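Structure file data.txt (compact mmCIF, C-alpha atoms) follows.
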```
# COMPACT_ATOMS: atom_id res chain seq x y z
CA MET A 1 -63.58 100.33 -118.82
CA PHE A 2 -61.75 102.66 -121.18
CA SER A 3 -64.74 103.20 -123.41
CA GLN A 4 -66.87 104.07 -120.38
CA SER A 5 -64.24 106.48 -119.24
CA ASP A 6 -64.02 107.90 -122.75
CA ALA A 7 -67.78 108.30 -122.82
CA SER A 8 -67.69 110.12 -119.50
CA LEU A 9 -64.96 112.46 -120.70
CA ILE A 10 -66.81 113.10 -123.94
CA HIS A 11 -69.99 113.87 -122.04
CA LYS A 12 -68.17 116.34 -119.82
CA ALA A 13 -66.30 117.88 -122.74
CA LEU A 14 -69.56 118.42 -124.59
CA ALA A 15 -70.93 120.13 -121.48
CA GLY A 16 -68.06 122.60 -121.75
CA ASN A 17 -65.62 121.02 -119.32
CA ASN A 18 -62.22 122.07 -120.65
CA LYS A 19 -60.32 119.74 -118.33
CA ALA A 20 -62.20 116.72 -119.67
CA TRP A 21 -61.37 117.80 -123.22
CA LEU A 22 -57.66 118.17 -122.37
CA LYS A 23 -57.69 114.79 -120.66
CA LEU A 24 -59.21 113.21 -123.75
CA ILE A 25 -56.52 114.78 -125.93
CA LYS A 26 -53.75 113.67 -123.57
CA ARG A 27 -55.07 110.14 -123.66
CA TYR A 28 -54.80 109.81 -127.43
CA GLU A 29 -52.29 112.46 -128.54
CA GLN A 30 -49.36 110.06 -128.56
CA ALA A 31 -51.25 107.44 -130.59
CA ILE A 32 -52.34 110.03 -133.14
CA TYR A 33 -48.94 111.67 -133.29
CA ASN A 34 -47.21 108.35 -133.94
CA TYR A 35 -49.91 107.46 -136.46
CA GLY A 36 -49.00 110.69 -138.22
CA LEU A 37 -45.31 109.90 -138.01
CA ARG A 38 -45.77 106.53 -139.66
CA MET A 39 -48.25 107.82 -142.25
CA THR A 40 -46.33 110.94 -143.25
CA GLY A 41 -42.80 110.01 -142.23
CA ASN A 42 -42.28 113.57 -141.07
CA ALA A 43 -42.39 114.98 -137.54
CA ASP A 44 -43.63 118.42 -138.56
CA ASP A 45 -46.31 117.02 -140.83
CA SER A 46 -47.28 114.61 -138.07
CA MET A 47 -47.67 117.50 -135.64
CA ASP A 48 -49.83 119.43 -138.09
CA LEU A 49 -51.88 116.33 -138.81
CA MET A 50 -52.41 115.66 -135.11
CA GLN A 51 -53.67 119.17 -134.50
CA GLU A 52 -56.02 118.93 -137.48
CA VAL A 53 -57.31 115.61 -136.20
CA PHE A 54 -58.10 116.97 -132.76
CA LEU A 55 -59.60 120.12 -134.25
CA SER A 56 -61.85 117.91 -136.34
CA VAL A 57 -62.68 115.79 -133.31
CA PHE A 58 -63.57 118.94 -131.35
CA ARG A 59 -65.87 120.08 -134.15
CA ASN A 60 -67.58 116.72 -134.55
CA LEU A 61 -67.59 115.46 -130.97
CA ALA A 62 -71.31 116.13 -130.64
CA SER A 63 -72.01 113.83 -133.60
CA TYR A 64 -70.23 110.88 -131.92
CA ARG A 65 -73.07 108.60 -130.89
CA GLY A 66 -71.05 105.99 -129.05
CA GLU A 67 -71.48 103.41 -131.82
CA GLY A 68 -68.18 101.54 -131.71
CA SER A 69 -65.18 102.55 -129.68
CA PHE A 70 -64.05 106.15 -129.50
CA LYS A 71 -60.60 105.00 -130.61
CA SER A 72 -62.04 103.59 -133.85
CA TRP A 73 -63.96 106.81 -134.45
CA LEU A 74 -60.83 108.84 -133.72
CA PHE A 75 -58.71 106.88 -136.18
CA ARG A 76 -61.46 107.13 -138.79
CA ILE A 77 -61.19 110.91 -138.52
CA ALA A 78 -57.40 110.64 -138.52
CA HIS A 79 -57.57 108.69 -141.77
CA PHE A 80 -59.79 111.30 -143.44
CA ARG A 81 -57.51 114.11 -142.32
CA CYS A 82 -54.52 112.12 -143.57
CA VAL A 83 -56.17 111.70 -146.98
CA GLU A 84 -56.81 115.47 -147.08
CA PHE A 85 -53.25 116.09 -146.03
CA TYR A 86 -51.95 114.07 -148.97
CA ARG A 87 -54.43 115.67 -151.34
CA ARG A 88 -53.19 119.10 -150.38
CA LYS A 89 -49.61 117.98 -150.61
CA ARG A 90 -49.89 116.15 -153.89
CA TYR A 91 -53.04 117.60 -155.37
CA HIS A 92 -51.90 116.73 -158.88
CA GLN A 93 -51.89 113.01 -158.13
CA ASP A 94 -54.98 110.88 -157.96
CA ILE A 95 -54.48 109.11 -154.68
CA ASP A 96 -57.75 107.22 -154.88
CA GLU A 97 -56.39 105.13 -157.74
CA GLY A 98 -53.46 104.08 -155.64
CA GLU A 99 -50.74 106.12 -157.21
CA GLU A 100 -47.58 105.60 -155.29
CA MET A 101 -46.56 108.66 -153.33
CA ILE A 102 -43.00 108.50 -152.30
CA ASP A 103 -42.10 111.61 -150.42
CA ASP A 104 -38.40 112.24 -150.65
CA ARG A 105 -38.50 114.35 -147.54
CA ALA A 106 -40.52 111.76 -145.70
CA CYS A 107 -37.57 109.80 -144.52
CA ALA A 108 -37.07 108.31 -141.13
CA SER A 109 -33.85 110.26 -140.67
CA GLN A 110 -35.85 113.31 -139.73
CA TRP A 111 -36.75 111.74 -136.44
CA THR A 112 -34.89 109.28 -134.32
CA PHE A 113 -35.81 105.60 -134.00
CA GLU A 114 -34.39 103.62 -131.18
CA HIS A 115 -34.87 100.42 -133.15
CA THR A 116 -33.50 99.86 -136.61
CA GLN A 117 -36.18 97.40 -137.65
CA SER A 118 -38.87 99.89 -136.85
CA GLN A 119 -37.00 102.52 -138.85
CA GLU A 120 -36.78 100.19 -141.81
CA LEU A 121 -40.43 99.30 -141.57
CA VAL A 122 -41.63 102.90 -141.43
CA ALA A 123 -39.29 103.89 -144.24
CA ALA A 124 -40.62 101.04 -146.35
CA MET A 125 -44.20 102.04 -145.59
CA GLN A 126 -43.60 105.47 -147.12
CA ALA A 127 -43.20 103.78 -150.50
CA LEU A 128 -46.69 102.29 -150.34
CA PRO A 129 -49.80 103.89 -151.78
CA LEU A 130 -51.79 105.68 -149.12
CA GLU A 131 -54.63 103.15 -148.93
CA GLN A 132 -52.23 100.21 -148.57
CA LYS A 133 -50.12 102.11 -146.07
CA ALA A 134 -53.25 102.86 -144.04
CA VAL A 135 -54.12 99.17 -143.90
CA ILE A 136 -50.60 98.21 -142.74
CA GLU A 137 -50.70 100.99 -140.16
CA LEU A 138 -54.13 100.08 -138.77
CA LYS A 139 -53.52 96.34 -138.85
CA PHE A 140 -50.05 96.07 -137.38
CA PHE A 141 -49.74 99.23 -135.31
CA GLY A 142 -53.37 99.99 -134.52
CA GLN A 143 -54.17 96.32 -133.84
CA PHE A 144 -57.63 96.74 -135.38
CA THR A 145 -59.58 93.82 -136.84
CA PHE A 146 -60.40 93.67 -140.55
CA GLU A 147 -63.99 94.62 -139.78
CA GLU A 148 -62.94 97.67 -137.77
CA ILE A 149 -60.55 98.81 -140.48
CA ALA A 150 -63.27 98.32 -143.08
CA GLN A 151 -65.60 100.56 -141.06
CA GLN A 152 -62.94 103.21 -140.59
CA LEU A 153 -62.04 103.35 -144.27
CA ASP A 154 -65.61 102.92 -145.56
CA VAL A 155 -64.85 99.85 -147.67
CA SER A 156 -65.59 96.14 -147.33
CA ALA A 157 -63.51 93.77 -145.26
CA ASN A 158 -62.56 91.83 -148.41
CA THR A 159 -61.21 95.02 -149.96
CA ILE A 160 -59.12 95.59 -146.85
CA LYS A 161 -57.75 92.03 -147.09
CA SER A 162 -56.92 92.49 -150.77
CA ARG A 163 -55.12 95.74 -150.00
CA LEU A 164 -53.22 94.03 -147.21
CA TYR A 165 -52.08 91.18 -149.46
CA SER A 166 -50.94 93.65 -152.09
CA ALA A 167 -49.17 95.72 -149.45
CA LEU A 168 -47.47 92.65 -148.01
CA GLY A 169 -46.20 91.72 -151.47
CA LYS A 170 -44.67 95.16 -151.90
CA MET A 171 -43.35 95.30 -148.35
CA LYS A 172 -41.54 92.02 -148.88
CA THR A 173 -39.58 93.56 -151.72
CA LEU A 174 -39.06 96.86 -149.94
CA LEU A 175 -37.83 95.22 -146.75
CA GLU A 176 -35.47 92.94 -148.69
CA VAL A 177 -34.03 95.98 -150.42
CA THR A 178 -33.62 97.69 -147.09
CA ASP A 179 -31.90 94.63 -145.67
CA VAL A 180 -29.44 94.64 -148.55
CA MET B 181 -61.75 85.00 -150.99
CA SER B 182 -60.14 81.58 -151.15
CA ASP B 183 -59.60 79.27 -148.18
CA LYS B 184 -55.94 80.17 -148.23
CA GLU B 185 -56.65 83.88 -147.86
CA ASN B 186 -59.30 83.30 -145.23
CA LEU B 187 -56.94 81.12 -143.24
CA PHE B 188 -54.25 83.77 -143.54
CA ALA B 189 -56.66 86.44 -142.29
CA LEU B 190 -57.63 84.25 -139.33
CA TRP B 191 -53.96 83.54 -138.58
CA LEU B 192 -53.17 87.24 -138.66
CA GLU B 193 -55.85 87.88 -136.06
CA GLU B 194 -54.87 84.76 -134.09
CA ARG B 195 -58.31 83.25 -134.43
CA LEU B 196 -57.40 79.85 -135.93
CA ASN B 197 -58.91 76.82 -134.24
CA PRO B 198 -56.77 73.64 -134.00
CA ALA B 199 -58.17 72.14 -137.20
CA GLN B 200 -57.66 75.36 -139.11
CA GLN B 201 -54.19 75.69 -137.60
CA GLN B 202 -53.29 72.25 -138.92
CA GLN B 203 -54.72 73.03 -142.34
CA PHE B 204 -52.87 76.35 -142.37
CA GLU B 205 -49.56 74.73 -141.54
CA GLN B 206 -50.05 72.17 -144.31
CA LEU B 207 -50.74 74.98 -146.75
CA LEU B 208 -47.64 76.83 -145.57
CA ALA B 209 -45.52 73.80 -146.34
CA GLN B 210 -47.00 73.48 -149.82
CA ASP B 211 -47.54 77.09 -150.91
CA ASP B 212 -44.43 79.25 -151.29
CA GLU B 213 -46.41 82.42 -151.95
CA LEU B 214 -48.37 81.98 -148.74
CA ALA B 215 -45.19 81.17 -146.87
CA GLN B 216 -43.55 84.38 -148.10
CA ARG B 217 -46.62 86.40 -147.19
CA VAL B 218 -46.65 84.91 -143.72
CA ALA B 219 -42.95 85.59 -143.34
CA THR B 220 -43.40 89.22 -144.33
CA ALA B 221 -46.37 89.59 -141.98
CA ARG B 222 -44.32 88.08 -139.14
CA GLN B 223 -41.46 90.45 -139.88
CA ILE B 224 -43.78 93.44 -139.88
CA LYS B 225 -45.46 92.22 -136.72
CA GLN B 226 -42.11 91.88 -135.06
CA SER B 227 -40.96 95.31 -136.17
CA ALA B 228 -44.25 96.89 -135.14
CA SER B 229 -44.06 95.29 -131.71
CA GLU B 230 -40.56 96.74 -131.29
CA TYR B 231 -41.70 100.17 -132.29
CA ARG B 232 -41.43 102.56 -129.40
CA PRO B 233 -43.92 105.38 -129.62
CA GLN B 234 -42.28 108.77 -129.99
CA SER B 235 -43.18 111.29 -127.38
CA VAL B 236 -45.26 114.20 -128.55
CA PRO B 237 -43.36 117.48 -128.81
CA PRO B 238 -44.59 120.21 -126.48
CA TRP B 239 -47.75 121.83 -127.77
CA GLN B 240 -50.86 123.45 -126.40
CA PRO B 241 -53.83 121.10 -126.61
CA GLY B 242 -56.13 123.78 -125.28
CA ALA B 243 -55.30 125.90 -128.33
CA VAL B 244 -57.36 123.49 -130.44
CA ALA B 245 -60.53 124.50 -128.65
CA HIS B 246 -59.56 128.18 -128.66
CA ARG B 247 -58.68 127.98 -132.35
CA GLN B 248 -62.06 126.47 -133.05
CA GLN B 249 -63.81 129.14 -131.01
CA ARG B 250 -61.82 131.88 -132.75
CA SER B 251 -62.67 130.46 -136.16
CA GLN B 252 -66.35 130.42 -135.20
CA PRO B 253 -66.94 133.53 -133.09
CA TRP B 254 -70.66 133.17 -133.62
CA ARG B 255 -70.59 130.03 -131.49
CA GLY B 256 -70.70 132.18 -128.38
CA TRP B 257 -74.02 133.54 -129.57
CA LEU B 258 -75.46 130.09 -130.15
CA PRO B 259 -77.08 129.73 -126.70
CA LEU B 260 -78.53 133.23 -126.96
CA SER B 261 -79.86 132.68 -130.47
CA PHE B 262 -81.22 129.29 -129.45
CA ALA B 263 -82.93 130.78 -126.41
CA THR B 264 -84.37 133.59 -128.54
CA SER B 265 -85.65 131.11 -131.09
CA MET B 266 -87.22 128.98 -128.36
CA LEU B 267 -88.82 132.08 -126.82
CA ALA B 268 -90.27 133.05 -130.20
CA ILE B 269 -91.61 129.52 -130.76
CA VAL B 270 -93.14 129.43 -127.26
CA MET B 271 -94.72 132.87 -127.80
CA VAL B 272 -96.24 131.70 -131.09
CA LEU B 273 -97.47 128.43 -129.59
CA LEU B 274 -99.00 130.12 -126.53
CA GLN B 275 -100.34 133.00 -128.64
CA VAL B 276 -98.69 135.56 -126.44
CA GLU B 277 -99.91 139.09 -127.07
CA ILE B 278 -98.37 142.23 -125.75
CA GLN B 279 -100.53 145.33 -125.80
CA TRP B 280 -99.49 148.80 -124.85
CA HIS B 281 -102.10 150.96 -123.21
CA LYS B 282 -102.02 154.35 -121.64
CA GLN B 283 -102.20 152.64 -118.27
CA GLY B 284 -99.31 150.27 -119.02
CA VAL B 285 -98.44 147.03 -120.80
CA MET B 286 -100.73 144.03 -120.90
CA ILE B 287 -99.39 140.54 -121.66
CA SER B 288 -101.97 137.94 -122.46
CA PHE B 289 -101.81 134.27 -123.47
CA ALA B 290 -103.76 132.07 -125.85
CA GLY B 291 -105.51 135.06 -127.42
CA GLN B 292 -107.22 135.95 -124.15
CA GLY B 293 -106.26 139.59 -124.60
CA THR B 294 -107.97 139.73 -127.95
CA GLU B 295 -110.97 137.81 -126.63
CA GLN B 296 -111.23 140.19 -123.68
CA LYS B 297 -111.01 143.18 -125.99
CA ILE B 298 -113.64 141.72 -128.30
CA ALA B 299 -115.88 140.89 -125.33
CA ASN B 300 -115.59 144.45 -124.05
CA GLU B 301 -116.39 145.93 -127.44
CA VAL B 302 -119.33 143.55 -127.90
CA ALA B 303 -120.66 144.41 -124.44
CA ALA B 304 -120.37 148.15 -125.13
CA ARG B 305 -122.10 147.83 -128.48
CA LEU B 306 -124.83 145.65 -126.97
CA GLU B 307 -125.43 148.20 -124.26
CA ASN B 308 -125.61 151.02 -126.79
CA PHE B 309 -127.93 148.95 -128.95
CA GLU B 310 -130.13 148.18 -125.96
CA GLN B 311 -130.39 151.88 -125.05
CA GLN B 312 -131.29 152.78 -128.62
CA GLN B 313 -133.89 150.03 -128.71
CA GLN B 314 -135.41 151.20 -125.44
CA GLN B 315 -135.58 154.80 -126.67
CA GLN B 316 -137.14 153.72 -129.94
CA LEU B 317 -139.61 151.48 -128.10
CA ALA B 318 -140.66 154.29 -125.73
CA GLN B 319 -141.09 156.65 -128.64
CA TYR B 320 -143.12 154.04 -130.49
CA VAL B 321 -145.34 153.44 -127.48
CA ASN B 322 -145.98 157.18 -127.10
CA GLU B 323 -146.88 157.56 -130.74
CA LEU B 324 -149.13 154.53 -130.54
CA GLU B 325 -150.91 155.90 -127.50
CA LYS B 326 -151.42 159.25 -129.18
CA SER B 327 -152.77 157.72 -132.32
CA GLN B 328 -155.03 155.46 -130.27
CA GLN B 329 -156.38 158.44 -128.34
CA GLN B 330 -157.03 160.33 -131.55
CA ALA B 331 -158.79 157.33 -133.04
CA ASN B 332 -160.92 156.92 -129.94
CA MET B 333 -161.82 160.59 -129.95
CA GLN B 334 -162.74 160.52 -133.61
CA LEU B 335 -164.84 157.42 -133.06
CA THR B 336 -166.63 158.99 -130.09
CA ASN B 337 -167.35 162.18 -131.99
CA TYR B 338 -168.59 160.19 -134.92
CA LEU B 339 -170.81 158.08 -132.72
CA LEU B 340 -172.20 161.13 -130.94
CA SER B 341 -172.88 163.04 -134.10
CA SER B 342 -174.35 160.07 -135.88
CA SER B 343 -176.66 159.24 -132.95
CA ARG B 344 -177.98 162.82 -132.78
CA THR B 345 -178.81 162.83 -136.45
CA GLU B 346 -180.44 159.47 -136.22
CA ARG B 347 -182.52 160.52 -133.21
CA ARG B 348 -183.54 163.71 -134.96
CA GLU B 349 -184.52 161.73 -137.99
CA ASP B 350 -186.28 159.20 -135.80
CA PHE B 351 -188.24 161.94 -134.03
CA ALA B 352 -189.07 163.56 -137.30
CA GLU B 353 -190.24 160.24 -138.62
CA LEU B 354 -192.24 159.65 -135.46
CA ILE B 355 -193.85 163.08 -135.64
CA LYS B 356 -194.59 162.53 -139.27
CA PHE B 357 -196.12 159.19 -138.42
CA VAL B 358 -198.11 160.71 -135.63
CA ASN B 359 -199.29 163.49 -137.90
CA GLU B 360 -200.25 161.06 -140.59
CA GLN B 361 -202.00 158.94 -138.03
CA ARG B 362 -203.85 161.98 -136.76
CA SER B 363 -204.77 162.89 -140.29
CA ASP B 364 -206.05 159.41 -140.93
CA ASP B 365 -207.90 159.43 -137.64
CA GLN B 366 -209.49 162.74 -138.54
CA LEU B 367 -210.57 161.37 -141.85
CA TYR B 368 -211.84 158.26 -140.18
CA PHE B 369 -213.72 160.18 -137.57
CA ALA B 370 -215.04 162.52 -140.21
CA ARG B 371 -216.26 159.64 -142.22
CA GLN B 372 -217.78 158.08 -139.16
CA LEU B 373 -219.44 161.27 -138.34
CA ASN B 374 -220.64 161.56 -141.85
CA GLN B 375 -222.02 158.08 -141.76
CA ILE B 376 -223.62 158.72 -138.48
CA GLN B 377 -225.01 161.89 -139.86
CA GLN B 378 -226.22 160.02 -142.85
CA GLN B 379 -227.79 157.41 -140.71
CA VAL B 380 -229.26 159.97 -138.60
CA TYR B 381 -230.55 161.76 -141.64
CA GLU B 382 -231.95 158.65 -143.12
CA THR B 383 -233.79 157.79 -140.06
CA THR B 384 -235.11 161.19 -139.83
CA VAL B 385 -236.06 161.74 -143.50
CA PRO B 386 -239.40 159.80 -143.69
CA MET B 387 -240.72 162.03 -141.15
CA SER B 388 -239.69 164.91 -143.20
CA LEU B 389 -241.50 163.60 -146.23
CA GLU B 390 -244.65 163.98 -144.37
CA PRO B 391 -244.32 167.60 -144.12
CA LYS B 392 -244.19 167.46 -147.97
CA SER B 393 -247.59 165.86 -148.13
CA VAL B 394 -248.77 168.21 -145.77
CA ASN B 395 -247.86 170.97 -148.06
CA ASN B 396 -250.12 169.29 -150.64
```
Starting from the coordinates I provided, produce the structure as structure tokens.
Amino acid sequence: MFSQSDASLIHKALAGNNKAWLKLIKRYEQAIYNYGLRMTGNADDSMDLMQEVFLSVFRNLASYRGEGSFKSWLFRIAHFRCVEFYRRKRYHQDIDEGEEMIDDRACASQWTFEHTQSQELVAAMQALPLEQKAVIELKFFGQFTFEEIAQQLDVSANTIKSRLYSALGKMKTLLEVTDV
Amino acid sequence: MSDKENLFALWLEERLNPAQQQQFEQLLAQDDELAQRVATARQIKQSASEYRPQSVPPWQPGAVAHRQQRSQPWRGWLPLSFATSMLAIVMVLLQVEIQWHKQGVMISFAGQGTEQKIANEVAARLENFEQQQQQQLAQYVNELEKSQQQANMQLTNYLLSSSRTERREDFAELIKFVNEQRSDDQLYFARQLNQIQQQVYETTVPMSLEPKSVNN
């Protein structure tokens, strides 16, 4: 139902219908914004990231061929923009090798959580390498399957599982520390 | 991937069947590492489920499209350039030709303009060639007639002159023959006369001898 509706909006947006494009943005802006919040830990960065994601979507909308859900395609673009964001921010670090990128400014205190556990979780996620953080984000918040995550990140499903197990091991320690 | 990790992945996606569920629970009881991983995953699941999405701060979604259009001002020209390209391709495919004449502009397709022009030029040249050929043929016929008349006249003159000469020669020959014949006849008659005279003389001589004896 949603994918059909997405396809209809995409079709209209490609035909130049501005209202359809705005409706498509409205439908997913909150998901992308919160994705950015959890991935960057910063509201301003999340806002910039969201705008870059939708700009990229606008540029590449014609290349979307309807293979897989639009949401998966959208989060695939979001992941690429997020990787670029971190590359710009920490260009001296090799993020592909899984260097840990702990952003001191990326703390949950910059935006308000209504639930402490969520705050702890997002704060702990900021200590993970980007690729592991992406898997935690897509698995537990995005509710994607391993196969879908593998397609979005351009790696095998086994690699995603390995990253998840590694991330869970680190998260256990991080969450225990937070609890203390 | 080991069975333990596969079972964990299936558990995480809530796709364990009853047998796998039983096997997974047995493993959980025996494997501390798996149990800790499951506990962490449950904690994260719980925290994620309690996460309340933050509302998006006010922004202008339409600015994304405008920003894109500003960054690519040539995009507005895309339809025009595409249409121009298509027009050029169609003109090449259909062999469109535009010719300016004094009378106006002529647009032709599939080389028909060129073919028409070539046909006109060929027709004009053929007509000119035909006229030249006719003139040359008429001139040739006249010359032939003149030469034929001259030849006929020469032949007639020759025949007339040659026949006169021959007749003159023939008459001369005939006269000569007649003269010779007359001469021969005269000789013949003379000889005949002579013989007759001789005969006459001989017959008459014995009688003459008698006068001789008489004289004795």
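The coordinates place CA of Ala209 in chain B at 28.0 Å from CA of Phe141 in chain A.
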* If you count only C-alpha atoms, which residues fall within 12 Å of Gln206 in chain B, apart from same-chain ones fewer than 6 positions away, as a PyMOL selection string? -> chain B and resi 184+187+199-200+212+214-215
Can I get the residues of chain A within 8 Å of chain B, each with the closest pair of atoms and their distance in Å to one decimal, using only C-alpha atoms, sorted chain first then ascending number, as a Markdown table?
```
| residue | atom | partner | partner_atom | distance |
| --- | --- | --- | --- | --- |
| A:Asn18 | CA | B:Gly242 | CA | 7.8 |
| A:Leu22 | CA | B:Pro241 | CA | 6.4 |
| A:Ile25 | CA | B:Pro241 | CA | 6.9 |
| A:Glu29 | CA | B:Val236 | CA | 7.2 |
| A:Gln30 | CA | B:Val236 | CA | 5.8 |
| A:Ala31 | CA | B:Pro233 | CA | 7.7 |
| A:Tyr33 | CA | B:Val236 | CA | 6.5 |
| A:Asn34 | CA | B:Pro233 | CA | 6.2 |
| A:Gln51 | CA | B:Val244 | CA | 7.0 |
| A:Phe54 | CA | B:Val244 | CA | 7.0 |
| A:Leu55 | CA | B:Val244 | CA | 5.6 |
| A:Phe58 | CA | B:Ala245 | CA | 6.9 |
| A:Arg59 | CA | B:Gln248 | CA | 7.5 |
| A:Phe113 | CA | B:Arg232 | CA | 7.9 |
| A:Glu114 | CA | B:Arg232 | CA | 7.3 |
| A:His115 | CA | B:Tyr231 | CA | 6.9 |
| A:Gln117 | CA | B:Ser227 | CA | 5.4 |
| A:Ser118 | CA | B:Ser227 | CA | 5.1 |
| A:Leu121 | CA | B:Ser227 | CA | 6.7 |
| A:Phe140 | CA | B:Lys225 | CA | 6.0 |
| A:Phe141 | CA | B:Ala228 | CA | 6.0 |
| A:Thr145 | CA | B:Glu193 | CA | 7.1 |
| A:Asn158 | CA | B:Met181 | CA | 7.3 |
| A:Lys161 | CA | B:Ala189 | CA | 7.4 |
| A:Tyr165 | CA | B:Arg217 | CA | 7.6 |
| A:Leu168 | CA | B:Arg217 | CA | 6.4 |
| A:Gly169 | CA | B:Arg217 | CA | 6.8 |
| A:Met171 | CA | B:Thr220 | CA | 7.3 |
| A:Lys172 | CA | B:Thr220 | CA | 5.7 |
```
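The spacing separating CA of Phe85 in chain A from CA of Asn42 in chain A amounts to 12.3 Å.
Candidate residues A:Leu138, A:Leu164, A:Ala62, A:Met39 were compared for distance to Ile10 in chain A, and the nearest is A:Ala62, using only C-alpha atoms.
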* Nearest candidate to Ala123 in chain A (options A:Arg163, A:Lys26, A:Lys19, A:Arg38; using all atoms listed in the file) -> A:Arg38
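Shortest atom-to-atom contact with Gln132 in chain A among A:Leu37, A:Leu153, A:Leu14, A:Ala20: A:Leu153, counting all atoms listed in the file.
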* What is the distance between CA of Leu174 in chain A and CA of Cys82 in chain A, in Å to one decimal? -> 22.6 Å
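Residue neighbourhood of range 275-278 of chain B, excluding near-sequence residues (fewer than 3 positions): B:Ala268, B:Ile269, B:Val270, B:Met271, B:Val272, B:His281, B:Val285, B:Met286, B:Ile287, B:Ser288, B:Phe289, B:Ala290, B:Gly291, B:Gln292, B:Gly293, B:Thr294, at 10 Å, using all atoms listed in the file.
For the set A:Leu61, A:Ile149, A:Leu130, A:Ala43, the residue with the smallest atom-to-atom gap to His11 in chain A is A:Leu61, counting only C-alpha atoms.
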